[in-house]
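A.B. asks: Please find work34.cif (mmCIF, C-alpha atoms and all ligand atoms) on the next line:
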data_start
#
loop_
_atom_site.group_PDB
_atom_site.id
_atom_site.type_symbol
_atom_site.label_atom_id
_atom_site.label_comp_id
_atom_site.auth_asym_id
_atom_site.auth_seq_id
_atom_site.Cartn_x
_atom_site.Cartn_y
_atom_site.Cartn_z
ATOM 1 C CA MET M 109 14.615 12.877 -13.106
ATOM 2 C CA MET M 110 13.032 9.539 -13.932
ATOM 3 C CA ASN M 111 11.797 8.889 -17.438
ATOM 4 C CA ARG M 112 8.579 6.931 -16.915
ATOM 5 C CA ILE M 113 6.797 5.901 -13.703
ATOM 6 C CA LEU M 114 3.950 3.393 -13.979
ATOM 7 C CA ILE M 115 1.068 3.790 -11.533
ATOM 8 C CA THR M 116 -1.266 0.781 -11.394
ATOM 9 C CA GLY M 117 -4.651 1.277 -9.759
ATOM 10 C CA ALA M 118 -4.521 4.821 -11.112
ATOM 11 C CA ALA M 119 -8.331 5.211 -11.108
ATOM 12 C CA GLY M 120 -8.540 4.435 -7.400
ATOM 13 C CA GLN M 121 -8.415 6.656 -4.355
ATOM 14 C CA LEU M 122 -4.627 6.716 -3.913
ATOM 15 C CA GLY M 123 -3.958 6.494 -7.651
ATOM 16 C CA THR M 124 -6.045 9.593 -8.322
ATOM 17 C CA MET M 125 -4.212 11.461 -5.554
ATOM 18 C CA LEU M 126 -0.737 10.353 -6.715
ATOM 19 C CA ARG M 127 -1.534 11.205 -10.324
ATOM 20 C CA GLU M 128 -1.701 14.837 -9.194
ATOM 21 C CA LYS M 129 1.063 14.817 -6.600
ATOM 22 C CA LEU M 130 3.633 12.915 -8.698
ATOM 23 C CA ARG M 131 3.104 15.154 -11.726
ATOM 24 C CA GLY M 132 6.559 16.312 -12.820
ATOM 25 C CA HIS M 133 8.396 13.654 -10.754
ATOM 26 C CA ALA M 134 9.057 11.785 -14.025
ATOM 27 C CA ALA M 135 8.961 12.870 -17.658
ATOM 28 C CA VAL M 136 5.929 10.604 -18.130
ATOM 29 C CA LEU M 137 3.420 9.059 -15.731
ATOM 30 C CA ARG M 138 1.915 5.898 -17.226
ATOM 31 C CA LEU M 139 -1.518 5.480 -15.638
ATOM 32 C CA SER M 140 -3.196 2.093 -15.663
ATOM 33 C CA ASP M 141 -6.356 0.514 -14.257
ATOM 34 C CA ILE M 142 -9.102 -1.932 -15.162
ATOM 35 C CA ALA M 143 -11.587 0.872 -14.451
ATOM 36 C CA GLU M 144 -11.965 3.986 -16.569
ATOM 37 C CA ILE M 145 -9.328 6.698 -16.050
ATOM 38 C CA PRO M 146 -9.831 10.359 -17.051
ATOM 39 C CA ALA M 147 -7.983 11.144 -20.311
ATOM 40 C CA ALA M 148 -4.220 11.690 -20.389
ATOM 41 C CA ARG M 149 -2.816 15.223 -20.149
ATOM 42 C CA ASP M 150 0.689 16.455 -20.982
ATOM 43 C CA GLY M 151 3.283 14.173 -19.428
ATOM 44 C CA GLU M 152 0.804 11.311 -18.999
ATOM 45 C CA GLU M 153 -0.157 8.103 -20.813
ATOM 46 C CA VAL M 154 -3.283 6.082 -20.055
ATOM 47 C CA VAL M 155 -2.890 2.334 -20.612
ATOM 48 C CA PRO M 156 -5.935 0.273 -19.563
ATOM 49 C CA CYS M 157 -4.985 -3.184 -18.286
ATOM 50 C CA ASP M 158 -6.361 -6.065 -16.232
ATOM 51 C CA LEU M 159 -3.576 -7.109 -13.888
ATOM 52 C CA ALA M 160 -4.778 -10.724 -14.181
ATOM 53 C CA ASP M 161 -3.772 -10.726 -17.891
ATOM 54 C CA GLY M 162 -0.076 -11.680 -17.913
ATOM 55 C CA ALA M 163 0.636 -10.744 -21.561
ATOM 56 C CA ALA M 164 -0.999 -7.331 -21.135
ATOM 57 C CA VAL M 165 0.949 -6.645 -17.929
ATOM 58 C CA ARG M 166 4.204 -7.499 -19.675
ATOM 59 C CA LYS M 167 3.491 -4.827 -22.301
ATOM 60 C CA LEU M 168 2.340 -2.407 -19.618
ATOM 61 C CA VAL M 169 5.665 -2.518 -17.778
ATOM 62 C CA GLU M 170 7.777 -2.089 -20.949
ATOM 63 C CA GLY M 171 9.783 1.159 -20.908
ATOM 64 C CA CYS M 172 9.109 2.028 -17.240
ATOM 65 C CA ASP M 173 11.922 2.829 -14.814
ATOM 66 C CA GLY M 174 9.804 2.798 -11.661
ATOM 67 C CA ILE M 175 6.466 1.287 -10.636
ATOM 68 C CA VAL M 176 3.992 2.315 -7.934
ATOM 69 C CA HIS M 177 1.800 -0.762 -7.662
ATOM 70 C CA LEU M 178 -1.557 0.215 -6.184
ATOM 71 C CA GLY M 179 -3.878 -1.866 -8.375
ATOM 72 C CA GLY M 180 -5.970 -4.615 -6.869
ATOM 73 C CA ILE M 181 -8.726 -5.348 -4.387
ATOM 74 C CA SER M 182 -8.234 -2.970 -1.460
ATOM 75 C CA VAL M 183 -10.670 -4.329 1.135
ATOM 76 C CA GLU M 184 -11.955 -7.709 2.352
ATOM 77 C CA ARG M 185 -13.712 -9.569 -0.495
ATOM 78 C CA SER M 186 -14.290 -13.132 -1.760
ATOM 79 C CA PHE M 187 -11.307 -15.316 -2.613
ATOM 80 C CA ASP M 188 -12.275 -15.253 -6.334
ATOM 81 C CA LEU M 189 -11.853 -11.506 -6.573
ATOM 82 C CA ILE M 190 -8.753 -11.396 -4.427
ATOM 83 C CA GLU M 191 -7.124 -14.258 -6.315
ATOM 84 C CA ALA M 192 -7.386 -12.583 -9.744
ATOM 85 C CA ALA M 193 -6.242 -9.109 -8.802
ATOM 86 C CA ASN M 194 -3.953 -9.567 -5.786
ATOM 87 C CA LEU M 195 -2.416 -13.017 -6.319
ATOM 88 C CA ARG M 196 -2.224 -13.521 -10.096
ATOM 89 C CA GLY M 197 -1.931 -9.749 -10.588
ATOM 90 C CA VAL M 198 1.067 -9.297 -8.328
ATOM 91 C CA TYR M 199 2.813 -12.338 -9.802
ATOM 92 C CA ASN M 200 2.187 -10.971 -13.314
ATOM 93 C CA LEU M 201 3.629 -7.612 -12.309
ATOM 94 C CA TYR M 202 6.829 -9.042 -10.827
ATOM 95 C CA ASP M 203 7.372 -11.395 -13.733
ATOM 96 C CA ALA M 204 6.804 -8.549 -16.189
ATOM 97 C CA ALA M 205 9.345 -6.425 -14.298
ATOM 98 C CA ARG M 206 11.882 -9.254 -14.530
ATOM 99 C CA ALA M 207 11.410 -9.293 -18.314
ATOM 100 C CA ASN M 208 11.768 -5.515 -18.554
ATOM 101 C CA GLY M 209 14.994 -4.548 -16.760
ATOM 102 C CA MET M 210 13.671 -4.807 -13.189
ATOM 103 C CA PRO M 211 12.449 -1.257 -12.492
ATOM 104 C CA ARG M 212 12.085 -0.559 -8.763
ATOM 105 C CA ILE M 213 8.650 -1.459 -7.429
ATOM 106 C CA ILE M 214 6.782 0.272 -4.623
ATOM 107 C CA PHE M 215 4.241 -2.334 -3.579
ATOM 108 C CA ALA M 216 1.190 -1.039 -1.719
ATOM 109 C CA SER M 217 0.998 -3.633 1.031
ATOM 110 C CA SER M 218 -1.201 -3.074 4.052
ATOM 111 C CA ASN M 219 -1.443 -2.979 7.831
ATOM 112 C CA HIS M 220 -3.927 -5.852 7.392
ATOM 113 C CA THR M 221 -0.926 -8.212 7.056
ATOM 114 C CA ILE M 222 -0.542 -7.744 10.829
ATOM 115 C CA GLY M 223 -4.095 -6.696 11.728
ATOM 116 C CA PHE M 224 -4.652 -9.207 14.522
ATOM 117 C CA HIS M 225 -1.827 -7.754 16.638
ATOM 118 C CA ASP M 226 -3.178 -5.996 19.667
ATOM 119 C CA GLN M 227 -3.064 -2.185 19.681
ATOM 120 C CA THR M 228 -0.942 -2.303 22.849
ATOM 121 C CA THR M 229 1.922 -3.998 20.953
ATOM 122 C CA ARG M 230 4.615 -1.936 19.200
ATOM 123 C CA LEU M 231 5.833 -3.654 16.018
ATOM 124 C CA ASP M 232 9.069 -3.450 14.072
ATOM 125 C CA HIS M 233 10.078 -5.187 10.822
ATOM 126 C CA THR M 234 10.530 -8.517 12.616
ATOM 127 C CA ALA M 235 6.891 -8.738 13.754
ATOM 128 C CA PRO M 236 5.170 -11.973 12.765
ATOM 129 C CA TYR M 237 2.366 -11.787 10.222
ATOM 130 C CA ARG M 238 -1.123 -11.835 11.749
ATOM 131 C CA PRO M 239 -3.456 -11.200 8.794
ATOM 132 C CA ASP M 240 -6.993 -10.181 9.622
ATOM 133 C CA GLY M 241 -8.639 -11.581 6.446
ATOM 134 C CA LEU M 242 -8.044 -12.958 2.956
ATOM 135 C CA TYR M 243 -7.142 -9.450 1.821
ATOM 136 C CA GLY M 244 -4.327 -9.336 4.394
ATOM 137 C CA VAL M 245 -3.232 -12.824 3.316
ATOM 138 C CA SER M 246 -3.045 -11.622 -0.305
ATOM 139 C CA LYS M 247 -0.761 -8.749 0.688
ATOM 140 C CA ILE M 248 1.503 -11.250 2.479
ATOM 141 C CA PHE M 249 1.582 -13.225 -0.789
ATOM 142 C CA GLY M 250 2.643 -10.041 -2.593
ATOM 143 C CA GLU M 251 5.407 -9.401 -0.069
ATOM 144 C CA ALA M 252 6.580 -13.010 -0.512
ATOM 145 C CA VAL M 253 6.684 -12.691 -4.317
ATOM 146 C CA ALA M 254 8.752 -9.512 -3.918
ATOM 147 C CA SER M 255 11.152 -11.315 -1.583
ATOM 148 C CA LEU M 256 11.486 -14.259 -3.999
ATOM 149 C CA TYR M 257 12.196 -12.021 -7.001
ATOM 150 C CA HIS M 258 14.764 -10.121 -4.942
ATOM 151 C CA ASP M 259 16.632 -13.216 -3.791
ATOM 152 C CA LYS M 260 16.434 -14.972 -7.159
ATOM 153 C CA PHE M 261 16.937 -12.079 -9.571
ATOM 154 C CA GLY M 262 17.903 -8.946 -7.580
ATOM 155 C CA GLN M 263 14.576 -7.142 -8.126
ATOM 156 C CA GLU M 264 14.375 -4.200 -5.673
ATOM 157 C CA SER M 265 11.126 -3.314 -3.892
ATOM 158 C CA ALA M 266 9.713 -1.244 -1.080
ATOM 159 C CA LEU M 267 6.906 -3.139 0.633
ATOM 160 C CA VAL M 268 4.897 -0.288 2.074
ATOM 161 C CA ARG M 269 2.476 -1.528 4.731
ATOM 162 C CA ILE M 270 0.143 1.421 4.435
ATOM 163 C CA GLY M 271 -1.889 2.331 7.513
ATOM 164 C CA SER M 272 -4.706 4.717 6.519
ATOM 165 C CA CYS M 273 -3.863 7.153 3.721
ATOM 166 C CA THR M 274 -6.539 9.850 3.789
ATOM 167 C CA PRO M 275 -6.395 13.653 3.527
ATOM 168 C CA ARG M 276 -6.749 13.848 7.333
ATOM 169 C CA PRO M 277 -7.246 11.346 10.171
ATOM 170 C CA GLU M 278 -10.949 10.544 10.527
ATOM 171 C CA ASN M 279 -11.277 8.478 13.719
ATOM 172 C CA TRP M 280 -9.536 7.336 16.909
ATOM 173 C CA ARG M 281 -7.700 4.439 15.246
ATOM 174 C CA MET M 282 -6.228 6.750 12.643
ATOM 175 C CA LEU M 283 -4.424 8.657 15.387
ATOM 176 C CA ALA M 284 -2.055 5.663 15.108
ATOM 177 C CA THR M 285 -2.468 4.524 11.488
ATOM 178 C CA TRP M 286 -2.691 7.807 9.556
ATOM 179 C CA PHE M 287 -0.356 8.179 6.574
ATOM 180 C CA SER M 288 -0.576 11.676 5.153
ATOM 181 C CA GLN M 289 -0.641 12.046 1.387
ATOM 182 C CA ASP M 290 2.480 14.243 1.470
ATOM 183 C CA ASP M 291 4.377 11.689 3.556
ATOM 184 C CA PHE M 292 3.459 8.994 1.007
ATOM 185 C CA VAL M 293 4.798 11.180 -1.807
ATOM 186 C CA SER M 294 8.059 11.891 0.045
ATOM 187 C CA LEU M 295 8.453 8.150 0.690
ATOM 188 C CA ILE M 296 8.038 7.401 -3.029
ATOM 189 C CA ASP M 297 10.686 10.023 -3.877
ATOM 190 C CA ALA M 298 13.067 8.614 -1.238
ATOM 191 C CA VAL M 299 12.605 5.038 -2.456
ATOM 192 C CA PHE M 300 13.297 5.927 -6.089
ATOM 193 C CA ALA M 301 16.317 8.083 -5.135
ATOM 194 C CA ALA M 302 17.961 5.724 -2.624
ATOM 195 C CA PRO M 303 21.335 4.367 -3.803
ATOM 196 C CA ARG M 304 20.361 0.950 -2.437
ATOM 197 C CA LEU M 305 16.881 -0.380 -1.735
ATOM 198 C CA GLY M 306 17.014 -4.168 -1.583
ATOM 199 C CA CYS M 307 13.644 -5.581 -0.591
ATOM 200 C CA THR M 308 12.635 -3.428 2.321
ATOM 201 C CA MET M 309 9.396 -3.335 4.283
ATOM 202 C CA VAL M 310 8.405 0.180 5.344
ATOM 203 C CA TRP M 311 5.518 1.001 7.650
ATOM 204 C CA GLY M 312 3.406 3.478 5.681
ATOM 205 C CA ALA M 313 2.517 5.859 8.480
ATOM 206 C CA SER M 314 3.221 9.457 9.401
ATOM 207 C CA LYS M 315 5.229 10.292 12.543
ATOM 208 C CA ASN M 316 2.177 9.927 14.742
ATOM 209 C CA ASP M 317 2.653 10.402 18.506
ATOM 210 C CA HIS M 318 0.273 7.495 19.073
ATOM 211 C CA GLY M 319 1.708 5.195 16.351
ATOM 212 C CA TRP M 320 2.397 1.474 16.785
ATOM 213 C CA TRP M 321 5.112 0.914 14.157
ATOM 214 C CA ASP M 322 8.874 1.328 14.282
ATOM 215 C CA ASN M 323 10.677 2.144 11.002
ATOM 216 C CA THR M 324 14.208 2.264 12.478
ATOM 217 C CA HIS M 325 15.390 -0.545 10.172
ATOM 218 C CA ALA M 326 14.533 1.590 7.108
ATOM 219 C CA ALA M 327 16.400 4.725 8.245
ATOM 220 C CA PHE M 328 18.988 4.133 5.482
ATOM 221 C CA LEU M 329 16.378 5.291 2.950
ATOM 222 C CA GLY M 330 16.693 8.828 4.321
ATOM 223 C CA TRP M 331 12.890 9.236 4.496
ATOM 224 C CA HIS M 332 11.599 11.619 7.148
ATOM 225 C CA PRO M 333 7.788 11.762 7.490
ATOM 226 C CA LYS M 334 6.651 15.208 8.623
ATOM 227 C CA ASP M 335 2.978 14.918 9.559
ATOM 228 C CA ASN M 336 1.508 13.831 12.883
ATOM 229 C CA ALA M 337 -2.100 12.749 13.463
ATOM 230 C CA ALA M 338 -1.832 14.196 16.989
ATOM 231 C CA ALA M 339 -2.486 17.607 15.440
ATOM 232 C CA TYR M 340 -6.086 16.388 14.870
ATOM 233 C CA ALA M 341 -6.539 14.586 18.221
ATOM 234 C CA GLU M 342 -8.529 17.340 19.887
ATOM 235 C CA GLU M 343 -10.904 17.646 16.928
ATOM 236 C CA ILE M 344 -11.433 13.867 16.817
ATOM 237 C CA ALA M 345 -12.071 13.748 20.572
ATOM 238 C CA ARG M 346 -14.685 16.491 20.099
ATOM 239 C CA THR M 347 -16.437 15.099 17.032
ATOM 240 C CA VAL M 348 -16.007 11.292 16.944
ATOM 241 C CA PRO M 349 -17.470 9.071 19.683
ATOM 242 C CA ARG M 350 -14.725 7.018 21.358
ATOM 243 C CA PRO M 351 -15.254 3.255 20.739
ATOM 244 C CA GLY M 352 -15.501 0.902 23.723
ATOM 245 C CA ARG M 353 -12.262 -0.809 24.745
ATOM 246 C CA ASP M 354 -13.607 -4.249 23.765
ATOM 247 C CA GLU M 355 -14.651 -3.250 20.269
ATOM 248 C CA ALA M 356 -12.417 -4.629 17.493
ATOM 249 C CA VAL M 357 -11.712 -1.116 16.261
ATOM 250 C CA ALA M 358 -10.144 -0.239 19.618
ATOM 251 C CA ARG M 359 -8.540 -3.607 20.304
ATOM 252 C CA TYR M 360 -6.769 -4.781 17.152
ATOM 253 C CA GLN M 361 -4.403 -2.903 14.842
ATOM 254 C CA GLY M 362 -6.494 -3.942 11.811
ATOM 255 C CA GLY M 363 -9.614 -2.495 13.449
ATOM 256 C CA VAL M 364 -12.969 -3.486 11.933
ATOM 257 C CA PHE M 365 -11.344 -5.756 9.323
ATOM 258 C CA THR M 366 -10.890 -8.319 12.142
ATOM 259 C CA ASP M 367 -14.705 -8.512 12.412
ATOM 260 C CA GLU M 368 -15.278 -9.283 8.691
ATOM 261 C CA PRO M 369 -16.642 -12.695 7.658
ATOM 262 C CA ILE M 370 -14.941 -14.838 5.003
ATOM 263 C CA HIS M 371 -16.933 -13.633 1.991
ATOM 264 C CA PRO M 372 -18.301 -16.523 -0.109
ATOM 265 C CA SER M 373 -16.893 -17.075 -3.603
ATOM 266 C CA LYS M 374 -19.288 -17.591 -6.534
ATOM 267 C CA GLU M 375 -19.205 -21.385 -6.392
ATOM 268 C CA ASP M 376 -19.665 -21.594 -2.584
HETATM 269 P P1 LIG M 401 -8.902 1.587 -4.488
HETATM 270 O O1 LIG M 401 -9.780 0.391 -4.337
HETATM 271 O O2 LIG M 401 -9.529 2.932 -4.471
HETATM 272 O O3 LIG M 401 -8.053 1.450 -5.840
HETATM 273 C C1 LIG M 401 -7.592 0.223 -6.335
HETATM 274 C C2 LIG M 401 -7.674 0.265 -7.846
HETATM 275 O O4 LIG M 401 -7.245 -0.986 -8.363
HETATM 276 C C3 LIG M 401 -9.113 0.508 -8.372
HETATM 277 O O5 LIG M 401 -9.157 1.652 -9.190
HETATM 278 C C4 LIG M 401 -9.424 -0.767 -9.143
HETATM 279 O O6 LIG M 401 -10.212 -0.539 -10.323
HETATM 280 C C5 LIG M 401 -8.029 -1.278 -9.487
HETATM 281 N N1 LIG M 401 -8.072 -2.712 -9.761
HETATM 282 C C6 LIG M 401 -8.759 -3.674 -9.097
HETATM 283 N N2 LIG M 401 -8.602 -4.858 -9.711
HETATM 284 C C7 LIG M 401 -7.819 -4.651 -10.786
HETATM 285 C C8 LIG M 401 -7.316 -5.486 -11.825
HETATM 286 N N3 LIG M 401 -7.618 -6.794 -11.882
HETATM 287 N N4 LIG M 401 -6.535 -4.932 -12.766
HETATM 288 C C9 LIG M 401 -6.235 -3.612 -12.733
HETATM 289 N N5 LIG M 401 -6.687 -2.769 -11.790
HETATM 290 C C10 LIG M 401 -7.464 -3.282 -10.825
HETATM 291 O O7 LIG M 401 -7.794 1.468 -3.361
HETATM 292 P P2 LIG M 401 -6.853 2.612 -2.750
HETATM 293 O O8 LIG M 401 -7.428 3.033 -1.460
HETATM 294 O O9 LIG M 401 -6.533 3.606 -3.775
HETATM 295 O O10 LIG M 401 -5.549 1.758 -2.411
HETATM 296 C C11 LIG M 401 -4.522 1.571 -3.371
HETATM 297 C C12 LIG M 401 -3.648 0.410 -2.929
HETATM 298 O O11 LIG M 401 -3.105 0.678 -1.636
HETATM 299 C C13 LIG M 401 -4.411 -0.920 -2.811
HETATM 300 O O12 LIG M 401 -3.564 -1.959 -3.282
HETATM 301 C C14 LIG M 401 -4.654 -1.071 -1.335
HETATM 302 O O13 LIG M 401 -4.719 -2.428 -0.964
HETATM 303 C C15 LIG M 401 -3.434 -0.374 -0.738
HETATM 304 N N6 LIG M 401 -3.709 0.195 0.581
HETATM 305 C C16 LIG M 401 -4.460 1.351 0.686
HETATM 306 C C17 LIG M 401 -4.690 1.906 1.924
HETATM 307 C C18 LIG M 401 -5.414 3.216 2.073
HETATM 308 O O14 LIG M 401 -5.372 3.789 3.165
HETATM 309 N N7 LIG M 401 -6.080 3.718 1.024
HETATM 310 C C19 LIG M 401 -4.206 1.261 3.164
HETATM 311 C C20 LIG M 401 -3.450 0.056 2.926
HETATM 312 C C21 LIG M 401 -3.197 -0.437 1.670
HETATM 313 C C1 LIG M 402 -6.474 -0.840 3.860
HETATM 314 O O1 LIG M 402 -5.691 -1.747 3.571
HETATM 315 C C2 LIG M 402 -7.551 -0.410 2.930
HETATM 316 O O2 LIG M 402 -7.153 -0.512 1.576
HETATM 317 C C3 LIG M 402 -8.059 1.002 3.198
HETATM 318 O O3 LIG M 402 -9.276 1.177 2.516
HETATM 319 C C4 LIG M 402 -8.248 1.244 4.710
HETATM 320 O O4 LIG M 402 -9.277 0.450 5.186
HETATM 321 C C5 LIG M 402 -6.955 0.940 5.453
HETATM 322 O O5 LIG M 402 -6.430 -0.335 5.125
HETATM 323 C C6 LIG M 402 -7.096 1.015 6.978
HETATM 324 O O6 LIG M 402 -6.781 0.039 7.644
HETATM 325 O O7 LIG M 402 -7.495 2.077 7.470
#
Let's see the structure in the file written out as structure tokens.
C.D. replies:
Amino acid sequence: MMNRILITGAAGQLGTMLREKLRGHAAVLRLSDIAEIPAARDGEEVVPCDLADGAAVRKLVEGCDGIVHLGGISVERSFDLIEAANLRGVYNLYDAARANGMPRIIFASSNHTIGFHDQTTRLDHTAPYRPDGLYGVSKIFGEAVASLYHDKFGQESALVRIGSCTPRPENWRMLATWFSQDDFVSLIDAVFAAPRLGCTMVWGASKNDHGWWDNTHAAFLGWHPKDNAAAYAEEIARTVPRPGRDEAVARYQGGVFTDEPIHPSKED
């Protein structure tokens, strides 16, 4: 049993879900966000923090033996916003971990690191980056910081390139990208329990019949996803109009993110 797991981004969509599902997986869940978080219950601590504030992040990480790093901008936005939360924030987190005994970090990376790959291409861990926006670029930066801190200091991380983590698949693309909530939880347990982690990229997806991503390289973690978006295929075919083959959502792995503009920063 772990003593204290820190969840950053705990007020967000996945943070709120993991707050419930990781209850009891550690003696204490330390919940942090820049946004308001509902009050702590038994076995929880709420510690508000802006990830862009290095001194505050250093204190935040103190006493934690595992980190699930979800905090940051989670969609395409201006460089200003992305820079503070996803560039400075991820650097602050890794440097704070180095100063605090190097607890394992599960970094919520994203499929948008490779979003411009065509949906007909199957990818493994050697696939080249093809970000579909500044958000995807920021997740590549996070993966690079994790790699640096591993090679330089031995910091262990799982770089989870999450597909689409929702209660159920909602559209045609999610027949490939869906990551069930339970499969995310079992991955977190496997990562914290593994005798050796290193700095390992894991595709955050369930075992979808129509998936694009090959996790063979990460088999040593002993993680076995159980859910399959195919169980919802008939319902999606019945209720969701199928996009045209030339639409970004049906062409590229990153879907509609590939169609986003570069959002102007304040000074532009
Ligand atoms: P979300 O946007 O609902 O939650 C992110 C949280 O981070 C928010 O509560 C926000 O207040 C917080 N945050 C933003 N800037 C911050 C700062 N400067 N300091 C502290 N906290 C800050 O996103 P969601 O969907 O819960 O995703 C969680 C993580 O997983 C994100 O990093 C996202 O990029 C990643 N991810 C999520 C996917 C999904 O399917 N939901 C898919 C791929 C990646
Ligand atoms: C992400 O990276 C986003 O954070 C999430 O909101 C979804 O859009 C997801 O990717 C996706 O590609 O479905």
A.B. asks: If you measure from atom CA of Glu184 of chain M to atom C3 of ligand LIG 401 (chain M), what distance in Å do you get, rounded to one decimal?
C.D. replies: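 That distance, rounded to one decimal, is 13.8 Å.
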A.B. asks: Could you tell me how far atom CA of Ser288 of chain M sits from atom CA of His220 of chain M, in Å to one decimal place?
C.D. replies: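 Spanning atom CA of His220 of chain M to atom CA of Ser288 of chain M is a straight-line distance of 18.0 Å.
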A.B. asks: Could you list, as a PyMOL selection string, all residues that come within 6 Å of ligand LIG 401 (chain M)? Count only C-alpha atoms and all ligand atoms.
C.D. replies: chain M and resi 117-123+141-143+157-160+178-182+193+216-218+270-273
A.B. asks: With distances taken over all atoms listed in the file, which of M:Thr221, M:Asn316, M:Asn336, M:Ser140 is nearest to ligand LIG 402 (chain M)?
C.D. replies: M:Thr221
A.B. asks: Quick one: which residues end up in the PyMOL selection byres (((chain M and resi 111) around 12) and not hetatm) for this structure, as a JSON list (two decimals) with C-alpha atoms, keeping the file's coordinate frame?
C.D. replies:
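Produced file result_21.json, reproduced below:
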[["chain", "number", "residue", "atom", "x", "y", "z"],
["M", 109, "MET", "CA", 14.62, 12.88, -13.11],
["M", 110, "MET", "CA", 13.03, 9.54, -13.93],
["M", 112, "ARG", "CA", 8.58, 6.93, -16.92],
["M", 113, "ILE", "CA", 6.80, 5.90, -13.70],
["M", 114, "LEU", "CA", 3.95, 3.39, -13.98],
["M", 132, "GLY", "CA", 6.56, 16.31, -12.82],
["M", 133, "HIS", "CA", 8.40, 13.65, -10.75],
["M", 134, "ALA", "CA", 9.06, 11.78, -14.02],
["M", 135, "ALA", "CA", 8.96, 12.87, -17.66],
["M", 136, "VAL", "CA", 5.93, 10.60, -18.13],
["M", 137, "LEU", "CA", 3.42, 9.06, -15.73],
["M", 138, "ARG", "CA", 1.92, 5.90, -17.23],
["M", 151, "GLY", "CA", 3.28, 14.17, -19.43],
["M", 152, "GLU", "CA", 0.80, 11.31, -19.00],
["M", 171, "GLY", "CA", 9.78, 1.16, -20.91],
["M", 172, "CYS", "CA", 9.11, 2.03, -17.24],
["M", 173, "ASP", "CA", 11.92, 2.83, -14.81],
["M", 174, "GLY", "CA", 9.80, 2.80, -11.66],
["M", 175, "ILE", "CA", 6.47, 1.29, -10.64],
["M", 211, "PRO", "CA", 12.45, -1.26, -12.49],
["M", 300, "PHE", "CA", 13.30, 5.93, -6.09]]
A.B. asks: Once the PyMOL selection byres (((chain M and resi 224-239) around 6) and not hetatm) has been applied to the shown file, what residues remain in the selection, as a PyMOL selection string?
C.D. replies: chain M and resi 220-223+240-241+244-245+320-322+359-361
A.B. asks: I need the chosen residues saved as a PDB file, in the coordinates of the input, with C-alpha atoms.
C.D. replies:
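This went into out32.pdb:
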ATOM      1  CA  HIS M 220      -3.927  -5.852   7.392  1.00  0.00           C
ATOM      2  CA  THR M 221      -0.926  -8.212   7.056  1.00  0.00           C
ATOM      3  CA  ILE M 222      -0.542  -7.744  10.829  1.00  0.00           C
ATOM      4  CA  GLY M 223      -4.095  -6.696  11.728  1.00  0.00           C
ATOM      5  CA  ASP M 240      -6.993 -10.181   9.622  1.00  0.00           C
ATOM      6  CA  GLY M 241      -8.639 -11.581   6.446  1.00  0.00           C
ATOM      7  CA  GLY M 244      -4.327  -9.336   4.394  1.00  0.00           C
ATOM      8  CA  VAL M 245      -3.232 -12.824   3.316  1.00  0.00           C
ATOM      9  CA  TRP M 320       2.397   1.474  16.785  1.00  0.00           C
ATOM     10  CA  TRP M 321       5.112   0.914  14.157  1.00  0.00           C
ATOM     11  CA  ASP M 322       8.874   1.328  14.282  1.00  0.00           C
ATOM     12  CA  ARG M 359      -8.540  -3.607  20.304  1.00  0.00           C
ATOM     13  CA  TYR M 360      -6.769  -4.781  17.152  1.00  0.00           C
ATOM     14  CA  GLN M 361      -4.403  -2.903  14.842  1.00  0.00           C
TER      15      GLN M 361
END
